[in-house]
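Notes for the one structure printed next.
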Amino acid sequence: QVQLVESGGGLVQAGGSLRLSCVASGRSSSYYDMGWFRQAPGKEREFVAAGSWNGYSTYYSTYYADSVKGRFTISGDNAKNTLYLQMNSLNAEDTAVYYCAASRARLNPTVVRTQSAYVYWGQGTQITVSS
């Protein structure tokens, strides 16, 4: 069983930055692609970013929602089984609970933005951006 634990959330002023971390425990061969989703109050959970690793190096492909492209950066450290989300130029619309997710198999790029493609989920971490 794979467990995902997010950290790094909190309160930040508009224009500020935060970095989220997601540590994956369990068999590293049990998951492949990982991503970040978020859910704002009263809204459905939405895709934020995803990364595809080949499992043997730091090479990866990355995908972003249009709303965060150029402001957020997803990265990973295979040695630490950790996924990161660097968030810059935050605004009030970024306020949400952020979830880390992992897939059980390598994802086709056409589905990396789809929640149902991910099997493992973290408990979420709150980001609040004050204006």
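Numbering starts fresh at 1 for the residues of each chain in the structure tokens, the chains themselves are lettered A, B, ... in the order given, and ligands are numbered from 1 as they appear.
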Need the shell around A:Ala49: protein/DNA/RNA residues with any atom at most 12 Å away, counting only C-alpha atoms. Skip same-chain ones fewer than 2 positions apart. Format as an MDAnalysis selection string? chainID A and resid 33:38 46:47 51:52 61:75 83:87 98:102 112:115
Identify, on the basis of only C-alpha atoms, every residue whose closest approach to A:Gly9 does not exceed 10 Å; exclude the query and any residue fewer than 5 positions from it along the same chain; express the result as an MDAnalysis selection string. chainID A and resid 18:21 96:98 124:128
Given the selection you just returned, output its residues as a file containing N, CA, C and O atoms, formatted as a short mmCIF file (atom, residue, chain, number, x, y, z; two decimals), in the first residue's frame.
data_model
loop_
_atom_site.label_atom_id
_atom_site.label_comp_id
_atom_site.auth_asym_id
_atom_site.auth_seq_id
_atom_site.Cartn_x
_atom_site.Cartn_y
_atom_site.Cartn_z
N LEU A 18 5.01 29.58 -1.83
CA LEU A 18 5.02 28.44 -0.93
C LEU A 18 5.53 27.24 -1.70
O LEU A 18 5.40 27.18 -2.93
N ARG A 19 6.08 26.27 -0.97
CA ARG A 19 6.46 25.01 -1.59
C ARG A 19 5.80 23.87 -0.85
O ARG A 19 6.00 23.70 0.35
N LEU A 20 5.03 23.08 -1.57
CA LEU A 20 4.41 21.91 -1.00
C LEU A 20 5.30 20.69 -1.23
O LEU A 20 6.00 20.60 -2.24
N SER A 21 5.25 19.79 -0.27
CA SER A 21 5.98 18.52 -0.40
C SER A 21 4.99 17.37 -0.24
O SER A 21 4.01 17.48 0.50
N ALA A 96 -7.15 26.95 -1.58
CA ALA A 96 -7.77 25.64 -1.75
C ALA A 96 -7.06 24.62 -0.87
O ALA A 96 -6.00 24.91 -0.31
N VAL A 97 -7.65 23.44 -0.80
CA VAL A 97 -6.94 22.29 -0.23
C VAL A 97 -6.22 21.61 -1.38
O VAL A 97 -6.84 21.29 -2.40
N TYR A 98 -4.93 21.40 -1.22
CA TYR A 98 -4.11 20.80 -2.26
C TYR A 98 -3.84 19.33 -1.93
O TYR A 98 -3.43 19.01 -0.81
N GLY A 124 -4.41 15.91 1.97
CA GLY A 124 -4.59 17.30 1.59
C GLY A 124 -3.94 18.27 2.56
O GLY A 124 -3.78 17.99 3.75
N THR A 125 -3.56 19.42 2.04
CA THR A 125 -3.00 20.49 2.86
C THR A 125 -3.60 21.82 2.42
O THR A 125 -3.74 22.07 1.22
N GLN A 126 -3.99 22.64 3.38
CA GLN A 126 -4.70 23.89 3.09
C GLN A 126 -3.73 25.00 2.71
O GLN A 126 -2.75 25.25 3.42
N ILE A 127 -4.06 25.69 1.63
CA ILE A 127 -3.37 26.91 1.24
C ILE A 127 -4.38 28.03 1.26
O ILE A 127 -5.42 27.95 0.61
N THR A 128 -4.07 29.09 2.01
CA THR A 128 -4.93 30.26 2.06
C THR A 128 -4.11 31.46 1.65
O THR A 128 -3.09 31.76 2.26
#
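Candidate residues A:Ser131, A:Thr95, A:Asn81, A:Asn108 were compared for distance to A:Gly42, and the nearest is A:Thr95, using only C-alpha atoms.
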In stretch 1-130 of chain A, what's strand (DSSP E) per DSSP? Answer as a ChimeraX atom specification? /A:3-7,10-13,18-25,34-39,46-53,60-64,72-77,82-87,96-102,120-121,125-130
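Closest to A:Tyr60 among A:Val48, A:Ala14, A:Leu4, A:Arg106 is A:Arg106, based on only C-alpha atoms.
We find atom CA of A:Tyr120 and atom CA of A:Leu90 to be spaced 26.6 Å apart.
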So how many Å separate atom CA of A:Pro109 and atom CA of A:Gly122, to one decimal?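 Atom-to-atom, atom CA of A:Pro109 to atom CA of A:Gly122, that is 21.9 Å.
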Measure the distance from atom CA of A:Val5 to atom CA of A:Cys22 in Å and round it to one decimal. 5.3 Å
Quick one: of A:Gly16, A:Val23, A:Glu44, A:Gly76, who's nearest to A:Gln123, counting only C-alpha atoms?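 Smallest separation from A:Gln123 among the options: A:Val23.
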Enumerate as number ranges by chain all residues of chain A assigned to helix (DSSP H, G or I) by DSSP on the backbone, naming them with the chain letters and numbers the document uses. A: 28-30, 78-80, 92-94, 115-117
For the residues in the current selection, export N, CA and C atoms as a tab-separated table (two decimals), in the first residue's frame.
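File produced: result26.tsv:
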chain	number	residue	atom	x	y	z
A	28	SER	N	8.22	1.71	-4.00
A	28	SER	CA	8.37	2.74	-5.02
A	28	SER	C	7.95	2.22	-6.39
A	29	SER	N	7.96	0.93	-6.56
A	29	SER	CA	7.55	0.38	-7.85
A	29	SER	C	6.03	0.31	-7.97
A	30	SER	N	5.34	0.72	-6.89
A	30	SER	CA	3.89	0.64	-6.91
A	30	SER	C	3.24	1.86	-7.55
A	78	ASN	N	13.60	11.44	-6.64
A	78	ASN	CA	13.39	9.99	-6.58
A	78	ASN	C	14.02	9.38	-5.35
A	79	ALA	N	15.20	9.88	-4.99
A	79	ALA	CA	15.93	9.32	-3.85
A	79	ALA	C	15.15	9.51	-2.55
A	80	LYS	N	14.39	10.56	-2.49
A	80	LYS	CA	13.62	10.85	-1.27
A	80	LYS	C	12.15	10.47	-1.40
A	92	ALA	N	-5.55	35.07	-4.63
A	92	ALA	CA	-6.68	34.57	-3.84
A	92	ALA	C	-7.34	33.36	-4.50
A	93	GLU	N	-7.30	33.29	-5.81
A	93	GLU	CA	-7.91	32.17	-6.52
A	93	GLU	C	-7.16	30.85	-6.32
A	94	ASP	N	-5.97	30.93	-5.74
A	94	ASP	CA	-5.20	29.72	-5.45
A	94	ASP	C	-5.56	29.12	-4.10
A	115	GLN	N	-8.70	12.95	-12.64
A	115	GLN	CA	-8.60	12.45	-11.27
A	115	GLN	C	-8.70	10.94	-11.20
A	116	SER	N	-9.55	10.36	-11.99
A	116	SER	CA	-9.78	8.92	-11.92
A	116	SER	C	-8.55	8.12	-12.36
A	117	ALA	N	-7.58	8.77	-12.98
A	117	ALA	CA	-6.36	8.07	-13.39
A	117	ALA	C	-5.44	7.80	-12.21
With only C-alpha atoms as the basis for distance, which of A:Ser89, A:Val119, A:Lys43, A:Thr82 is at the shortest distance from A:Ala24?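 So, comparing all the options, the nearest one is A:Thr82.
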